[in-house]
$ cat upload-v6.cif   # mmCIF, C-alpha atoms
data_work
loop_
_atom_site.label_atom_id
_atom_site.label_comp_id
_atom_site.auth_asym_id
_atom_site.auth_seq_id
_atom_site.Cartn_x
_atom_site.Cartn_y
_atom_site.Cartn_z
CA MET A 263 6.71 -9.22 14.36
CA ALA A 264 3.78 -8.56 12.04
CA SER A 265 2.98 -5.30 13.89
CA ALA A 266 6.58 -4.08 13.54
CA MET A 267 6.55 -4.93 9.85
CA LEU A 268 3.28 -3.02 9.40
CA ILE A 269 4.84 0.10 10.95
CA VAL A 270 7.82 -0.10 8.57
CA VAL A 271 5.48 -0.40 5.58
CA LEU A 272 3.37 2.59 6.62
CA LEU A 273 6.49 4.73 7.14
CA ALA A 274 7.71 3.82 3.65
CA ILE A 275 4.35 4.77 2.18
CA ALA A 276 4.55 8.17 3.88
CA SER A 277 8.05 8.92 2.56
CA PRO A 278 8.28 12.18 0.54
CA LEU A 279 10.56 10.36 -1.91
CA VAL A 280 7.65 8.21 -3.09
CA ARG A 281 6.41 9.67 -6.36
CA ALA A 282 2.71 9.52 -7.23
CA SER A 283 1.35 9.05 -10.73
CA ASP A 284 -1.64 11.38 -10.39
CA PRO A 285 -1.19 15.10 -11.22
CA GLY A 286 0.49 17.06 -8.45
CA SER A 287 -1.50 19.30 -6.16
CA LEU A 288 -1.25 23.09 -6.53
CA GLN A 289 -2.18 23.71 -2.90
CA ASP A 290 -1.66 22.11 0.51
CA PHE A 291 -4.63 19.81 0.05
CA CYS A 292 -7.92 19.45 -1.77
CA VAL A 293 -10.21 17.42 0.44
CA ALA A 294 -12.91 15.81 -1.70
CA ASP A 295 -16.33 17.43 -1.50
CA LYS A 296 -18.41 14.38 -2.33
CA ALA A 297 -21.65 16.32 -1.96
CA SER A 298 -20.81 18.59 -4.87
CA PRO A 299 -22.77 17.93 -8.11
CA ALA A 300 -19.85 19.21 -10.22
CA LEU A 301 -18.16 16.62 -12.44
CA VAL A 302 -14.38 16.94 -12.58
CA ASN A 303 -11.39 14.61 -12.95
CA GLY A 304 -11.34 13.57 -9.31
CA PHE A 305 -13.40 15.53 -6.80
CA VAL A 306 -14.14 19.20 -6.20
CA CYS A 307 -12.32 20.67 -3.20
CA LYS A 308 -14.11 21.18 0.07
CA ASN A 309 -13.81 24.66 1.59
CA PRO A 310 -10.46 24.53 3.47
CA MET A 311 -12.07 26.17 6.49
CA ASP A 312 -14.45 23.21 6.77
CA VAL A 313 -11.65 20.64 6.74
CA ASN A 314 -10.77 18.74 9.91
CA ALA A 315 -8.65 15.77 10.99
CA GLU A 316 -11.38 13.25 10.14
CA ASP A 317 -10.92 14.11 6.46
CA PHE A 318 -7.41 12.59 6.62
CA PHE A 319 -8.18 9.62 8.85
CA PHE A 320 -9.10 5.94 8.47
CA SER A 321 -9.19 3.26 11.14
CA GLY A 322 -9.29 -0.50 10.79
CA LEU A 323 -6.30 -1.81 8.83
CA ASN A 324 -5.26 -3.77 11.91
CA LYS A 325 -8.35 -5.95 11.50
CA PRO A 326 -8.16 -9.04 9.26
CA GLY A 327 -10.50 -9.11 6.26
CA ASN A 328 -13.01 -11.92 5.85
CA THR A 329 -11.47 -14.57 3.60
CA ASN A 330 -14.43 -16.95 3.82
CA ASN A 331 -15.23 -16.82 0.10
CA ARG A 332 -14.50 -18.79 -3.07
CA LEU A 333 -11.19 -17.01 -3.63
CA GLY A 334 -9.97 -17.23 -0.06
CA SER A 335 -8.85 -13.60 -0.03
CA ASN A 336 -10.04 -10.16 1.00
CA VAL A 337 -8.82 -6.73 -0.13
CA THR A 338 -9.42 -3.76 2.17
CA VAL A 339 -8.88 -0.67 0.02
CA VAL A 340 -8.10 2.76 1.48
CA ASP A 341 -8.49 5.22 -1.39
CA VAL A 342 -10.10 8.62 -1.88
CA ASN A 343 -13.50 7.05 -1.33
CA LYS A 344 -12.41 6.15 2.22
CA ILE A 345 -10.18 9.15 3.00
CA ALA A 346 -11.43 12.35 1.38
CA GLY A 347 -8.09 14.03 2.06
CA LEU A 348 -6.38 11.77 -0.50
CA ASN A 349 -7.97 13.78 -3.31
CA THR A 350 -5.18 15.08 -5.64
CA LEU A 351 -2.44 13.43 -3.54
CA GLY A 352 -1.92 10.50 -5.92
CA VAL A 353 -1.64 7.70 -3.39
CA SER A 354 -3.74 4.95 -1.82
CA LEU A 355 -3.12 1.67 -0.07
CA ALA A 356 -4.70 -1.68 0.65
CA ARG A 357 -4.48 -4.55 3.07
CA ILE A 358 -4.79 -8.01 1.51
CA ASP A 359 -5.63 -11.06 3.62
CA TYR A 360 -5.21 -14.58 2.27
CA ALA A 361 -6.56 -17.84 3.67
CA PRO A 362 -4.34 -20.89 3.14
CA PHE A 363 -4.15 -21.38 -0.63
CA GLY A 364 -6.19 -18.23 -1.17
CA VAL A 365 -5.65 -16.11 -4.27
CA ASN A 366 -5.95 -12.45 -5.20
CA PRO A 367 -6.89 -13.29 -8.81
CA PRO A 368 -5.34 -11.86 -11.97
CA HIS A 369 -6.28 -8.19 -12.32
CA THR A 370 -4.94 -4.81 -13.40
CA HIS A 371 -4.92 -1.29 -11.96
CA PRO A 372 -5.38 1.00 -14.98
CA ARG A 373 -4.25 4.11 -13.12
CA ALA A 374 -1.52 2.92 -10.74
CA THR A 375 1.72 1.10 -10.18
CA GLU A 376 1.57 -1.13 -7.08
CA ILE A 377 4.29 -1.95 -4.58
CA LEU A 378 3.47 -4.93 -2.37
CA THR A 379 5.05 -5.82 0.99
CA VAL A 380 4.43 -9.19 2.63
CA ILE A 381 3.70 -8.81 6.33
CA GLU A 382 3.03 -12.44 7.18
CA GLY A 383 3.19 -15.77 5.35
CA THR A 384 4.47 -16.80 1.93
CA LEU A 385 3.08 -15.61 -1.41
CA LEU A 386 3.66 -16.57 -5.02
CA VAL A 387 3.29 -13.32 -6.99
CA GLY A 388 3.71 -12.37 -10.61
CA PHE A 389 2.72 -10.21 -13.55
CA ILE A 390 2.42 -10.68 -17.31
CA THR A 391 4.14 -8.35 -19.75
CA SER A 392 2.29 -6.90 -22.74
CA ASN A 393 2.26 -8.20 -26.32
CA PRO A 394 4.09 -9.67 -28.09
CA GLN A 395 6.20 -11.38 -25.38
CA ASN A 396 3.49 -11.97 -22.73
CA ARG A 397 6.21 -13.06 -20.30
CA LEU A 398 5.27 -14.27 -16.84
CA ILE A 399 7.57 -12.64 -14.28
CA PHE A 400 7.08 -14.24 -10.87
CA LYS A 401 8.71 -14.79 -7.49
CA VAL A 402 8.01 -16.40 -4.12
CA LEU A 403 7.89 -13.80 -1.34
CA ASN A 404 8.24 -14.17 2.41
CA ALA A 405 7.59 -11.75 5.26
CA GLY A 406 9.50 -8.51 4.68
CA ASP A 407 9.86 -9.01 0.92
CA VAL A 408 8.74 -6.32 -1.52
CA PHE A 409 7.58 -6.68 -5.14
CA VAL A 410 6.46 -4.13 -7.74
CA PHE A 411 3.64 -4.54 -10.24
CA PRO A 412 3.97 -2.02 -13.12
CA GLN A 413 0.94 0.10 -13.95
CA GLY A 414 -1.68 -1.55 -16.12
CA LEU A 415 -0.14 -5.04 -16.21
CA ILE A 416 -2.08 -8.15 -15.18
CA HIS A 417 -0.82 -9.45 -11.83
CA PHE A 418 -1.78 -11.82 -9.02
CA GLN A 419 -0.85 -13.16 -5.58
CA PHE A 420 -1.32 -16.72 -4.31
CA ASN A 421 -0.85 -17.98 -0.76
CA ARG A 422 1.00 -21.23 -1.29
CA GLY A 423 1.28 -21.99 2.42
CA HIS A 424 -0.85 -23.82 4.97
CA LYS A 425 -1.13 -20.71 7.13
CA LYS A 426 -2.79 -17.34 6.53
CA ALA A 427 -0.87 -14.55 4.83
CA VAL A 428 -1.11 -10.76 4.99
CA ALA A 429 0.29 -8.10 2.66
CA MET A 430 0.16 -4.32 2.36
CA ALA A 431 0.03 -2.60 -1.01
CA ARG A 432 0.82 1.00 -1.88
CA LEU A 433 -0.69 2.27 -5.13
CA GLY A 434 0.29 5.39 -7.05
CA SER A 435 -3.17 6.86 -7.48
CA GLN A 436 -5.91 8.17 -5.24
CA ASN A 437 -8.28 5.91 -7.22
CA PRO A 438 -6.27 3.14 -8.94
CA GLY A 439 -9.24 1.16 -10.26
CA ARG A 440 -9.34 -2.62 -10.63
CA ILE A 441 -10.22 -4.79 -13.61
CA GLU A 442 -10.21 -8.56 -13.14
CA ALA A 443 -9.65 -11.05 -15.93
CA LYS A 444 -13.09 -12.53 -15.26
CA ASP A 445 -14.79 -9.18 -15.81
CA VAL A 446 -15.14 -9.85 -19.54
CA PHE A 447 -17.64 -12.52 -18.51
CA GLY A 448 -19.37 -10.39 -15.86
CA SER A 449 -19.86 -7.05 -17.62
CA ASN A 450 -23.13 -5.13 -17.37
CA PRO A 451 -24.70 -5.49 -19.88
CA LYS A 452 -23.15 -8.75 -21.02
CA ILE A 453 -20.82 -8.93 -24.00
CA ASP A 454 -22.49 -10.98 -26.71
CA ALA A 455 -21.52 -14.60 -26.09
CA SER A 456 -20.72 -15.08 -29.78
CA VAL A 457 -18.06 -12.37 -29.54
CA LEU A 458 -16.36 -14.04 -26.59
CA ALA A 459 -16.67 -17.52 -28.08
CA LYS A 460 -14.87 -16.29 -31.20
CA ALA A 461 -12.25 -14.38 -29.20
CA PHE A 462 -11.40 -17.28 -26.89
CA GLN A 463 -11.93 -19.97 -29.54
CA VAL A 464 -14.32 -22.01 -27.39
CA ASP A 465 -17.87 -23.27 -27.74
CA LYS A 466 -20.60 -20.73 -27.00
CA LYS A 467 -21.90 -23.03 -24.23
CA VAL A 468 -18.63 -22.46 -22.35
CA ILE A 469 -19.17 -18.69 -22.52
CA ASP A 470 -22.79 -19.04 -21.40
CA TYR A 471 -21.58 -21.00 -18.37
CA LEU A 472 -18.84 -18.48 -17.49
CA GLN A 473 -21.25 -15.57 -17.82
CA SER A 474 -23.66 -17.32 -15.48
CA GLN A 475 -20.84 -17.78 -12.94
CA PHE A 476 -19.29 -14.32 -13.16
CA GLY A 477 -22.36 -12.16 -13.67
CA MET A 478 -22.84 -8.96 -11.66
CA ASP A 479 -24.69 -10.88 -8.93
CA ASN A 480 -22.07 -13.63 -8.63
CA ASN A 481 -18.79 -11.81 -7.95
CA ASN A 482 -17.70 -13.59 -4.76
#

$ encode --input "upload-v6.cif" --output "C-alpha cells"
Amino acid sequence: MASAMLIVVLLAIASPLVRASDPGSLQDFCVADKASPALVNGFVCKNPMDVNAEDFFFSGLNKPGNTNNRLGSNVTVVDVNKIAGLNTLGVSLARIDYAPFGVNPPHTHPRATEILTVIEGTLLVGFITSNPQNRLIFKVLNAGDVFVFPQGLIHFQFNRGHKKAVAMARLGSQNPGRIEAKDVFGSNPKIDASVLAKAFQVDKKVIDYLQSQFGMDNNN
C-alpha cells in the first residue's frame, strides 16, 4: 500500500500542471556546474554536451531515514545539491520519516511552498499565519491525505501514533532553504544573549541554557 501511494505522489510531483516558484528556464535544462567558481543566483550551467542521465538521477528514497535522535524524525532532501539537473527547474522533494511521537519541528522554507502527502501513519500538521493574527491552522492527516504549507510560514508535523509514519513533500524551489525556530539560539556567531532575553522576556540564564543546547555543535 505504501509503495503504491509513493508512486502516486511521484507522478503528481512530475505533473506539468505543477507550477514552480523559481524563475522559469529559458532552455531545455541547465545542469548545475558545481565546479565553476562563478557566483550566480543558482548555479552556472554545465556544457550541455557533457550532460548525462546521472545528472538527473537520485536513488534511495525507498530507504527509511534514521529517526534515532532527540526529535524522532529524519528528513531526506532531494534538491539541486543532490540532483544537478534540478538547477533552474524550480522543484525539489523530500522524504520525512517519523518515529512514534516523533516531530519535524517548527520551521520555514523561505523560498518555497510545500505540499505534503502522508504515505504511512497519522500526522498532526499545522502552520502559523503572519502578524497580527498568528492563527494556528492545523489538521490530523492519515495515509493518502495532502496538506499545503504556504511559502515562508512556520509549520510542523507530529506523529501522534504508536507506529512509524512516512510522508513525501514537494517544494516549489530547487533550493527551498530551511530555518528552524530554534536557530535563533544556535546561530554562528551567537546572538547576544541580552538581545534574546529582552526579545523573549525571559531571564538571561534561560537564553544561556538554550544557546548551550542549540549551538552549532548540538543540532540533533

$ resolve_selection --input "upload-v6.cif" --expression "the PyMOL selection byres ((chain A and resi 402) around 12)" --output "list in words"
Val380, Gly383, Thr384, Leu385, Leu386, Val387, Gly388, Ile399, Phe400, Lys401, Leu403, Asn404, Ala405, Gly406, Asp407, Val408, Phe409, Phe418, Gln419, Phe420, Asn421, Arg422 and Gly423 of chain A

$ atom_distance --input "upload-v6.cif" --atom1 "atom CA of A:Pro367" --atom2 "atom CA of A:Lys452"
20.8 Å

$ residues_around --input "upload-v6.cif" --residues "A:Ala455" --least-positions-apart "3" --cutoff "8 Å" --atoms "only C-alpha atoms" --output "PyMOL selection string"
chain A and resi 452+458-459+466+469-470

$ write_last_selection --input "upload-v6.cif" --atoms "C-alpha atoms" --output "PDB file, keeping the file's coordinate frame"
ATOM      1  CA  LYS A 452     -23.150  -8.750 -21.020  1.00  0.00           C
ATOM      2  CA  LEU A 458     -16.360 -14.040 -26.590  1.00  0.00           C
ATOM      3  CA  ALA A 459     -16.670 -17.520 -28.080  1.00  0.00           C
ATOM      4  CA  LYS A 466     -20.600 -20.730 -27.000  1.00  0.00           C
ATOM      5  CA  ILE A 469     -19.170 -18.690 -22.520  1.00  0.00           C
ATOM      6  CA  ASP A 470     -22.790 -19.040 -21.400  1.00  0.00           C
TER       7      ASP A 470
END

$ residues_around --input "upload-v6.cif" --residues "stretch 329-335 of chain A" --least-positions-apart "2" --cutoff "7 Å" --atoms "only C-alpha atoms" --output "list of chain:residue names"
A:Gly327, A:Val337, A:Asp359, A:Tyr360, A:Ala361, A:Gly364, A:Val365, A:Asn366, A:Asn482

$ resolve_selection --input "upload-v6.cif" --expression "the PyMOL selection byres ((chain A and resi 348) around 10)" --output "PyMOL selection string"
chain A and resi 291-294+317-319+340-347+349-354+435-437

$ closest_residue --input "upload-v6.cif" --among "A:Leu301, A:Val428, A:Leu378, A:Pro326" --to "A:Pro362" --atoms "all atoms listed in the file"
A:Val428

$ axis_aligned_box --input "upload-v6.cif" --around "stretch 419-431 of chain A" --padding-each-side "6 Å" --output "lines of an AutoDock Vina configuration file"
center_x = -0.8
center_y = -13.2
center_z = 0.8
size_x = 16.1
size_y = 33.2
size_z = 24.7

$ atom_distance --input "upload-v6.cif" --atom1 "atom CA of A:Leu355" --atom2 "atom CA of A:Thr379"
11.1 Å

$ atom_distance --input "upload-v6.cif" --atom1 "atom CA of A:Pro299" --atom2 "atom CA of A:Asn450"
24.9 Å

$ resolve_selection --input "upload-v6.cif" --expression "the PyMOL selection byres ((chain A and resi 415) around 12)" --output "PyMOL selection string"
chain A and resi 368-376+388-393+396-399+410-414+416-418+440-443

$ residues_around --input "upload-v6.cif" --residues "A:Ala297" --least-positions-apart "5" --cutoff "10 Å" --atoms "all atoms listed in the file" --output "list in words"
Phe305, Val306 and Lys308 of chain A

$ write_last_selection --input "upload-v6.cif" --atoms "C-alpha atoms" --output "PDB file, keeping the file's coordinate frame"
ATOM      1  CA  PHE A 305     -13.400  15.530  -6.800  1.00  0.00           C
ATOM      2  CA  VAL A 306     -14.140  19.200  -6.200  1.00  0.00           C
ATOM      3  CA  LYS A 308     -14.110  21.180   0.070  1.00  0.00           C
TER       4      LYS A 308
END

$ build_atoms --input "upload-v6.cif" --residues "stretch 392-420 of chain A" --atoms "N, CA and C atoms" --output "compact mmCIF listing (two decimals), in the frame of the given file"
# COMPACT_ATOMS: atom_id res chain seq x y z
N SER A 392 3.20 -7.13 -21.62
CA SER A 392 2.29 -6.90 -22.74
C SER A 392 2.76 -7.62 -24.00
N ASN A 393 1.91 -7.60 -25.02
CA ASN A 393 2.26 -8.20 -26.32
C ASN A 393 3.53 -7.56 -26.87
N PRO A 394 4.34 -8.30 -27.64
CA PRO A 394 4.09 -9.67 -28.09
C PRO A 394 4.71 -10.74 -27.17
N GLN A 395 5.51 -10.36 -26.18
CA GLN A 395 6.20 -11.38 -25.38
C GLN A 395 5.26 -12.12 -24.42
N ASN A 396 4.37 -11.36 -23.73
CA ASN A 396 3.49 -11.97 -22.73
C ASN A 396 4.26 -12.83 -21.74
N ARG A 397 5.39 -12.31 -21.25
CA ARG A 397 6.21 -13.06 -20.30
C ARG A 397 5.58 -13.06 -18.92
N LEU A 398 5.67 -14.19 -18.24
CA LEU A 398 5.27 -14.27 -16.84
C LEU A 398 6.52 -14.04 -15.99
N ILE A 399 6.49 -12.96 -15.20
CA ILE A 399 7.57 -12.64 -14.28
C ILE A 399 7.05 -12.88 -12.87
N PHE A 400 7.65 -13.82 -12.15
CA PHE A 400 7.08 -14.24 -10.87
C PHE A 400 8.18 -14.51 -9.85
N LYS A 401 7.76 -14.54 -8.57
CA LYS A 401 8.71 -14.79 -7.49
C LYS A 401 7.94 -15.22 -6.24
N VAL A 402 8.57 -16.03 -5.41
CA VAL A 402 8.01 -16.40 -4.12
C VAL A 402 8.50 -15.40 -3.07
N LEU A 403 7.57 -14.82 -2.34
CA LEU A 403 7.89 -13.80 -1.34
C LEU A 403 7.60 -14.31 0.06
N ASN A 404 8.44 -13.89 0.99
CA ASN A 404 8.24 -14.17 2.41
C ASN A 404 8.09 -12.86 3.16
N ALA A 405 7.80 -12.95 4.45
CA ALA A 405 7.59 -11.75 5.26
C ALA A 405 8.77 -10.79 5.13
N GLY A 406 8.47 -9.53 4.85
CA GLY A 406 9.50 -8.51 4.68
C GLY A 406 9.91 -8.28 3.25
N ASP A 407 9.51 -9.16 2.33
CA ASP A 407 9.86 -9.01 0.92
C ASP A 407 8.93 -8.01 0.23
N VAL A 408 9.47 -7.35 -0.79
CA VAL A 408 8.74 -6.32 -1.52
C VAL A 408 8.77 -6.64 -3.01
N PHE A 409 7.66 -6.40 -3.70
CA PHE A 409 7.58 -6.68 -5.14
C PHE A 409 6.75 -5.57 -5.79
N VAL A 410 7.14 -5.21 -7.01
CA VAL A 410 6.46 -4.13 -7.74
C VAL A 410 5.69 -4.69 -8.92
N PHE A 411 4.46 -4.22 -9.09
CA PHE A 411 3.64 -4.54 -10.24
C PHE A 411 3.47 -3.27 -11.07
N PRO A 412 4.05 -3.23 -12.29
CA PRO A 412 3.97 -2.02 -13.12
C PRO A 412 2.52 -1.67 -13.49
N GLN A 413 2.28 -0.41 -13.66
CA GLN A 413 0.94 0.10 -13.95
C GLN A 413 0.32 -0.59 -15.17
N GLY A 414 -0.92 -1.01 -15.01
CA GLY A 414 -1.68 -1.55 -16.12
C GLY A 414 -1.45 -3.00 -16.46
N LEU A 415 -0.43 -3.65 -15.86
CA LEU A 415 -0.14 -5.04 -16.21
C LEU A 415 -0.93 -6.01 -15.32
N ILE A 416 -1.35 -7.13 -15.92
CA ILE A 416 -2.08 -8.15 -15.18
C ILE A 416 -1.15 -8.77 -14.13
N HIS A 417 -1.63 -8.87 -12.91
CA HIS A 417 -0.82 -9.45 -11.83
C HIS A 417 -1.69 -10.21 -10.84
N PHE A 418 -1.05 -10.98 -9.96
CA PHE A 418 -1.78 -11.82 -9.02
C PHE A 418 -0.91 -12.11 -7.81
N GLN A 419 -1.56 -12.63 -6.76
CA GLN A 419 -0.85 -13.16 -5.58
C GLN A 419 -1.55 -14.43 -5.14
N PHE A 420 -0.77 -15.43 -4.75
CA PHE A 420 -1.32 -16.72 -4.31
C PHE A 420 -0.62 -17.16 -3.03
